[in-house]
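**Student:** The following block contains the structure, expressed as structure tokens.
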Amino acid sequence: MSNRKPYVREMTRTWWKDDPFYRLYMVREATVLPLILFTLFLTIGLGSLVKGPEAWQSWLAFMANPLVVAINIVALAGSLFHAHTFFGMMPQVMPIRIKGKLLDKKIIVLTQWAAVAVISLIVLIVV
């Protein structure tokens with residue numbers, strides 16, 4: 001047996017703060033926290049819808065709370081930030097070729113945002 005000690009690199013809890021790439025990555029991944037709350041709020045709303053008009057009105061009053069509105073705004077901002085970073089990666093992950101030529105990255109990203117706008121408009125019209 002050897003008496004050598006293995007090299008163990010010291011890792012602090014804030015290792016990701018030193019590199020801008022990892023900082024952005026951690027912020028992007030942290031956007032899930034307000035989205036979890038948003039999903040919970042909607043799930044509770046569905047449950048109150050089933051329980052009856054009084055429960056529904058109570059849930060509507062809860063959703064009008066300024067703290068809940070702020071959480072929903074943060075969730076929307078986080079969702080848009082997440083979409084922005086995802087759409088930016090898309091041309092690198094899945095390059096699209098038309099007639100053997102690579103499609104411009106800007107066109108791919110703008111097409112995705114256009115799809116988001118069209119779907120959002122359809123949802124607004126339907127609801």
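Residue numbering restarts at 1 for every chain of the structure tokens, chains are lettered A, B, ... in their displayed order, and ligands are numbered from 1 as they appear.
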Once you count only C-alpha atoms, what closest atom pair and distance in Å to one decimal does each residue of stretch 38-92 of chain A within 12 Å of stretch 16-24 of chain A have, with rows by chain and rising residue number, as a tab-separated table?

**Tutor:**
```
residue	atom	partner	partner_atom	distance
A:Phe81	CA	A:Leu24	CA	10.5
A:His82	CA	A:Leu24	CA	10.6
A:Thr85	CA	A:Leu24	CA	9.6
```

**Student:** Just list as a tab-separated table (two decimals) with N, CA, C and O atoms, in the first residue's frame whatever in stretch 37-121 of chain A DSSP marks as alpha helix (DSSP H).

**Tutor:**
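Output (result_15.tsv):
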```
chain	number	residue	atom	x	y	z
A	37	LEU	N	-43.70	28.16	-7.37
A	37	LEU	CA	-44.78	28.84	-6.62
A	37	LEU	C	-45.96	29.15	-7.55
A	37	LEU	O	-47.11	28.96	-7.16
A	38	PHE	N	-45.67	29.63	-8.74
A	38	PHE	CA	-46.73	29.93	-9.70
A	38	PHE	C	-47.56	28.68	-10.00
A	38	PHE	O	-48.79	28.72	-10.03
A	39	THR	N	-46.88	27.55	-10.20
A	39	THR	CA	-47.57	26.29	-10.48
A	39	THR	C	-48.41	25.86	-9.28
A	39	THR	O	-49.55	25.39	-9.45
A	40	LEU	N	-47.88	26.03	-8.09
A	40	LEU	CA	-48.65	25.70	-6.88
A	40	LEU	C	-49.90	26.58	-6.78
A	40	LEU	O	-50.99	26.09	-6.44
A	41	PHE	N	-49.75	27.86	-7.04
A	41	PHE	CA	-50.90	28.77	-6.99
A	41	PHE	C	-51.99	28.33	-7.98
A	41	PHE	O	-53.18	28.32	-7.64
A	42	LEU	N	-51.58	27.97	-9.19
A	42	LEU	CA	-52.56	27.53	-10.18
A	42	LEU	C	-53.22	26.21	-9.80
A	42	LEU	O	-54.41	26.02	-10.01
A	43	THR	N	-52.43	25.31	-9.22
A	43	THR	CA	-52.99	24.03	-8.79
A	43	THR	C	-54.01	24.24	-7.67
A	43	THR	O	-55.08	23.62	-7.68
A	44	ILE	N	-53.69	25.11	-6.74
A	44	ILE	CA	-54.65	25.43	-5.67
A	44	ILE	C	-55.89	26.07	-6.27
A	44	ILE	O	-57.02	25.81	-5.83
A	45	GLY	N	-55.71	26.91	-7.30
A	45	GLY	CA	-56.85	27.54	-7.97
A	45	GLY	C	-57.76	26.51	-8.62
A	45	GLY	O	-58.99	26.63	-8.56
A	46	LEU	N	-57.18	25.49	-9.25
A	46	LEU	CA	-58.00	24.43	-9.83
A	46	LEU	C	-58.78	23.68	-8.75
A	46	LEU	O	-59.96	23.35	-8.94
A	47	GLY	N	-58.12	23.44	-7.62
A	47	GLY	CA	-58.81	22.77	-6.51
A	47	GLY	C	-59.95	23.61	-5.98
A	47	GLY	O	-61.03	23.09	-5.67
A	48	SER	N	-59.74	24.92	-5.87
A	48	SER	CA	-60.80	25.79	-5.37
A	48	SER	C	-61.94	25.92	-6.39
A	48	SER	O	-63.10	26.10	-6.00
A	49	LEU	N	-61.63	25.80	-7.65
A	49	LEU	CA	-62.66	25.83	-8.68
A	49	LEU	C	-63.60	24.64	-8.53
A	49	LEU	O	-64.82	24.76	-8.71
A	50	VAL	N	-63.04	23.51	-8.17
A	50	VAL	CA	-63.84	22.29	-7.98
A	50	VAL	C	-64.68	22.39	-6.71
A	50	VAL	O	-65.81	21.90	-6.67
A	51	LYS	N	-64.16	23.05	-5.68
A	51	LYS	CA	-64.85	23.13	-4.39
A	51	LYS	C	-66.08	24.02	-4.40
A	51	LYS	O	-66.96	23.86	-3.57
A	53	PRO	N	-68.10	28.09	-5.57
A	53	PRO	CA	-67.94	29.54	-5.77
A	53	PRO	C	-67.23	30.25	-4.61
A	53	PRO	O	-66.46	31.18	-4.84
A	54	GLU	N	-67.50	29.83	-3.38
A	54	GLU	CA	-66.87	30.50	-2.24
A	54	GLU	C	-65.37	30.27	-2.23
A	54	GLU	O	-64.59	31.21	-1.99
A	55	ALA	N	-64.96	29.04	-2.48
A	55	ALA	CA	-63.53	28.74	-2.53
A	55	ALA	C	-62.87	29.47	-3.69
A	55	ALA	O	-61.74	29.96	-3.57
A	56	TRP	N	-63.57	29.56	-4.81
A	56	TRP	CA	-63.04	30.27	-5.97
A	56	TRP	C	-62.83	31.75	-5.67
A	56	TRP	O	-61.80	32.33	-6.02
A	57	GLN	N	-63.81	32.37	-5.04
A	57	GLN	CA	-63.68	33.79	-4.68
A	57	GLN	C	-62.54	34.00	-3.68
A	57	GLN	O	-61.82	35.00	-3.75
A	58	SER	N	-62.37	33.06	-2.78
A	58	SER	CA	-61.27	33.13	-1.82
A	58	SER	C	-59.93	33.05	-2.55
A	58	SER	O	-58.98	33.78	-2.22
A	59	TRP	N	-59.85	32.16	-3.53
A	59	TRP	CA	-58.60	32.04	-4.29
A	59	TRP	C	-58.33	33.30	-5.11
A	59	TRP	O	-57.19	33.74	-5.20
A	60	LEU	N	-59.39	33.89	-5.69
A	60	LEU	CA	-59.21	35.13	-6.45
A	60	LEU	C	-58.70	36.25	-5.55
A	60	LEU	O	-57.85	37.04	-5.96
A	61	ALA	N	-59.22	36.29	-4.32
A	61	ALA	CA	-58.75	37.30	-3.37
A	61	ALA	C	-57.28	37.04	-3.02
A	61	ALA	O	-56.48	37.98	-2.89
A	62	PHE	N	-56.91	35.77	-2.87
A	62	PHE	CA	-55.52	35.41	-2.60
A	62	PHE	C	-54.62	35.84	-3.75
A	62	PHE	O	-53.52	36.38	-3.54
A	63	MET	N	-55.06	35.62	-4.97
A	63	MET	CA	-54.26	35.97	-6.15
A	63	MET	C	-54.11	37.49	-6.31
A	63	MET	O	-53.19	37.95	-6.98
A	66	PRO	N	-50.75	41.63	-3.17
A	66	PRO	CA	-49.58	42.21	-3.85
A	66	PRO	C	-48.35	41.29	-3.85
A	66	PRO	O	-47.59	41.28	-4.82
A	67	LEU	N	-48.16	40.53	-2.80
A	67	LEU	CA	-47.02	39.61	-2.75
A	67	LEU	C	-47.15	38.51	-3.81
A	67	LEU	O	-46.19	38.17	-4.50
A	68	VAL	N	-48.37	37.99	-3.97
A	68	VAL	CA	-48.61	36.95	-4.97
A	68	VAL	C	-48.44	37.54	-6.38
A	68	VAL	O	-47.85	36.89	-7.26
A	69	VAL	N	-48.92	38.74	-6.58
A	69	VAL	CA	-48.75	39.41	-7.88
A	69	VAL	C	-47.27	39.61	-8.17
A	69	VAL	O	-46.80	39.35	-9.30
A	70	ALA	N	-46.50	40.01	-7.16
A	70	ALA	CA	-45.05	40.19	-7.34
A	70	ALA	C	-44.38	38.87	-7.68
A	70	ALA	O	-43.51	38.81	-8.56
A	71	ILE	N	-44.76	37.79	-7.01
A	71	ILE	CA	-44.19	36.47	-7.30
A	71	ILE	C	-44.52	36.07	-8.73
A	71	ILE	O	-43.67	35.53	-9.45
A	72	ASN	N	-45.74	36.34	-9.16
A	72	ASN	CA	-46.13	36.00	-10.54
A	72	ASN	C	-45.35	36.83	-11.56
A	72	ASN	O	-44.99	36.32	-12.63
A	73	ILE	N	-45.08	38.09	-11.26
A	73	ILE	CA	-44.30	38.93	-12.17
A	73	ILE	C	-42.86	38.42	-12.24
A	73	ILE	O	-42.27	38.34	-13.33
A	74	VAL	N	-42.30	38.03	-11.09
A	74	VAL	CA	-40.94	37.47	-11.08
A	74	VAL	C	-40.93	36.15	-11.85
A	74	VAL	O	-39.97	35.86	-12.59
A	75	ALA	N	-41.98	35.34	-11.71
A	75	ALA	CA	-42.06	34.08	-12.45
A	75	ALA	C	-42.13	34.34	-13.95
A	75	ALA	O	-41.49	33.63	-14.74
A	76	LEU	N	-42.89	35.34	-14.36
A	76	LEU	CA	-42.96	35.69	-15.78
A	76	LEU	C	-41.60	36.16	-16.30
A	76	LEU	O	-41.15	35.73	-17.37
A	77	ALA	N	-40.93	37.02	-15.53
A	77	ALA	CA	-39.61	37.51	-15.94
A	77	ALA	C	-38.62	36.34	-16.02
A	77	ALA	O	-37.83	36.25	-16.97
A	78	GLY	N	-38.66	35.45	-15.04
A	78	GLY	CA	-37.77	34.28	-15.06
A	78	GLY	C	-38.06	33.38	-16.24
A	78	GLY	O	-37.15	32.84	-16.87
A	79	SER	N	-39.33	33.23	-16.55
A	79	SER	CA	-39.72	32.40	-17.68
A	79	SER	C	-39.24	33.00	-19.00
A	79	SER	O	-38.73	32.29	-19.88
A	80	LEU	N	-39.36	34.31	-19.14
A	80	LEU	CA	-38.89	34.97	-20.36
A	80	LEU	C	-37.36	34.92	-20.46
A	80	LEU	O	-36.81	34.73	-21.55
A	81	PHE	N	-36.67	35.06	-19.32
A	81	PHE	CA	-35.21	34.96	-19.32
A	81	PHE	C	-34.78	33.55	-19.71
A	81	PHE	O	-33.85	33.37	-20.50
A	82	HIS	N	-35.45	32.56	-19.17
A	82	HIS	CA	-35.15	31.17	-19.49
A	82	HIS	C	-35.39	30.92	-20.99
A	82	HIS	O	-34.56	30.28	-21.65
A	83	ALA	N	-36.49	31.43	-21.52
A	83	ALA	CA	-36.78	31.27	-22.94
A	83	ALA	C	-35.71	31.96	-23.79
A	83	ALA	O	-35.26	31.42	-24.80
A	84	HIS	N	-35.29	33.15	-23.37
A	84	HIS	CA	-34.27	33.90	-24.11
A	84	HIS	C	-32.97	33.09	-24.20
A	84	HIS	O	-32.37	32.98	-25.28
A	85	THR	N	-32.53	32.54	-23.09
A	85	THR	CA	-31.28	31.77	-23.10
A	85	THR	C	-31.45	30.47	-23.89
A	85	THR	O	-30.54	30.05	-24.59
A	86	PHE	N	-32.62	29.84	-23.77
A	86	PHE	CA	-32.86	28.60	-24.51
A	86	PHE	C	-32.92	28.86	-26.01
A	86	PHE	O	-32.32	28.13	-26.80
A	87	PHE	N	-33.63	29.91	-26.41
A	87	PHE	CA	-33.73	30.23	-27.83
A	87	PHE	C	-32.36	30.60	-28.40
A	87	PHE	O	-32.07	30.33	-29.56
A	88	GLY	N	-31.52	31.24	-27.59
A	88	GLY	CA	-30.18	31.59	-28.04
A	88	GLY	C	-29.30	30.38	-28.27
A	88	GLY	O	-28.42	30.38	-29.14
A	89	MET	N	-29.52	29.32	-27.49
A	89	MET	CA	-28.73	28.09	-27.65
A	89	MET	C	-29.22	27.23	-28.80
A	89	MET	O	-28.48	26.42	-29.34
A	90	MET	N	-30.47	27.37	-29.15
A	90	MET	CA	-31.10	26.48	-30.12
A	90	MET	C	-30.34	26.36	-31.45
A	90	MET	O	-30.13	25.26	-31.93
A	91	PRO	N	-29.89	27.46	-32.07
A	91	PRO	CA	-29.18	27.32	-33.35
A	91	PRO	C	-27.86	26.54	-33.22
A	91	PRO	O	-27.41	25.93	-34.17
A	92	GLN	N	-27.25	26.58	-32.04
A	92	GLN	CA	-26.00	25.84	-31.84
A	92	GLN	C	-26.27	24.37	-31.61
A	92	GLN	O	-25.53	23.51	-32.06
A	93	VAL	N	-27.35	24.08	-30.89
A	93	VAL	CA	-27.67	22.69	-30.55
A	93	VAL	C	-28.25	21.97	-31.76
A	93	VAL	O	-27.94	20.81	-32.02
A	105	LYS	N	-28.66	32.23	-37.64
A	105	LYS	CA	-29.05	32.04	-36.24
A	105	LYS	C	-30.14	33.02	-35.82
A	105	LYS	O	-31.05	32.68	-35.07
A	106	LYS	N	-30.04	34.26	-36.31
A	106	LYS	CA	-31.03	35.28	-35.94
A	106	LYS	C	-32.43	34.89	-36.42
A	106	LYS	O	-33.42	35.14	-35.74
A	107	ILE	N	-32.50	34.30	-37.58
A	107	ILE	CA	-33.81	33.89	-38.13
A	107	ILE	C	-34.43	32.80	-37.25
A	107	ILE	O	-35.62	32.84	-36.97
A	108	ILE	N	-33.61	31.86	-36.80
A	108	ILE	CA	-34.12	30.78	-35.95
A	108	ILE	C	-34.66	31.36	-34.64
A	108	ILE	O	-35.77	31.04	-34.21
A	109	VAL	N	-33.88	32.24	-34.02
A	109	VAL	CA	-34.29	32.83	-32.74
A	109	VAL	C	-35.54	33.69	-32.93
A	109	VAL	O	-36.49	33.59	-32.13
A	110	LEU	N	-35.56	34.51	-33.96
A	110	LEU	CA	-36.74	35.37	-34.19
A	110	LEU	C	-37.98	34.55	-34.51
A	110	LEU	O	-39.10	34.92	-34.12
A	111	THR	N	-37.81	33.44	-35.20
A	111	THR	CA	-38.95	32.56	-35.49
A	111	THR	C	-39.52	31.97	-34.21
A	111	THR	O	-40.75	31.88	-34.05
A	112	GLN	N	-38.65	31.61	-33.30
A	112	GLN	CA	-39.13	31.07	-32.02
A	112	GLN	C	-39.90	32.14	-31.24
A	112	GLN	O	-40.96	31.86	-30.66
A	113	TRP	N	-39.37	33.36	-31.19
A	113	TRP	CA	-40.08	34.44	-30.49
A	113	TRP	C	-41.40	34.76	-31.18
A	113	TRP	O	-42.40	35.06	-30.52
A	114	ALA	N	-41.43	34.69	-32.51
A	114	ALA	CA	-42.68	34.92	-33.24
A	114	ALA	C	-43.70	33.84	-32.89
A	114	ALA	O	-44.89	34.15	-32.71
A	115	ALA	N	-43.24	32.60	-32.76
A	115	ALA	CA	-44.15	31.51	-32.36
A	115	ALA	C	-44.71	31.75	-30.96
A	115	ALA	O	-45.91	31.54	-30.71
A	116	VAL	N	-43.86	32.22	-30.05
A	116	VAL	CA	-44.32	32.54	-28.69
A	116	VAL	C	-45.38	33.65	-28.75
A	116	VAL	O	-46.42	33.58	-28.08
A	117	ALA	N	-45.13	34.69	-29.56
A	117	ALA	CA	-46.08	35.80	-29.67
A	117	ALA	C	-47.41	35.34	-30.26
A	117	ALA	O	-48.48	35.71	-29.76
A	118	VAL	N	-47.36	34.51	-31.29
A	118	VAL	CA	-48.60	34.03	-31.93
A	118	VAL	C	-49.39	33.15	-30.96
A	118	VAL	O	-50.61	33.32	-30.82
A	119	ILE	N	-48.72	32.24	-30.29
A	119	ILE	CA	-49.41	31.37	-29.33
A	119	ILE	C	-50.00	32.18	-28.19
A	119	ILE	O	-51.13	31.95	-27.76
A	120	SER	N	-49.25	33.17	-27.69
A	120	SER	CA	-49.77	34.03	-26.62
A	120	SER	C	-50.99	34.81	-27.09
A	120	SER	O	-51.96	34.95	-26.34
A	121	LEU	N	-50.96	35.30	-28.31
A	121	LEU	CA	-52.10	36.03	-28.86
A	121	LEU	C	-53.32	35.14	-28.99
A	121	LEU	O	-54.44	35.53	-28.65
```

**Student:** Using the chain letters and numbers from this document, which residues of chain A does DSSP assign to strand (DSSP E or B), as a count of residues only?

**Tutor:** 4

**Student:** So how far away is atom CA of A:Pro34 from atom CA of A:Asn65, in Å?

**Tutor:**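 Separating atom CA of A:Asn65 from atom CA of A:Pro34 is a distance of 15.6 Å.
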
**Student:** Distance atom CA of A:Pro95-atom CA of A:Tyr25, one decimal place?

**Tutor:**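 Rounded to one decimal, the two atoms are 22.1 Å apart.
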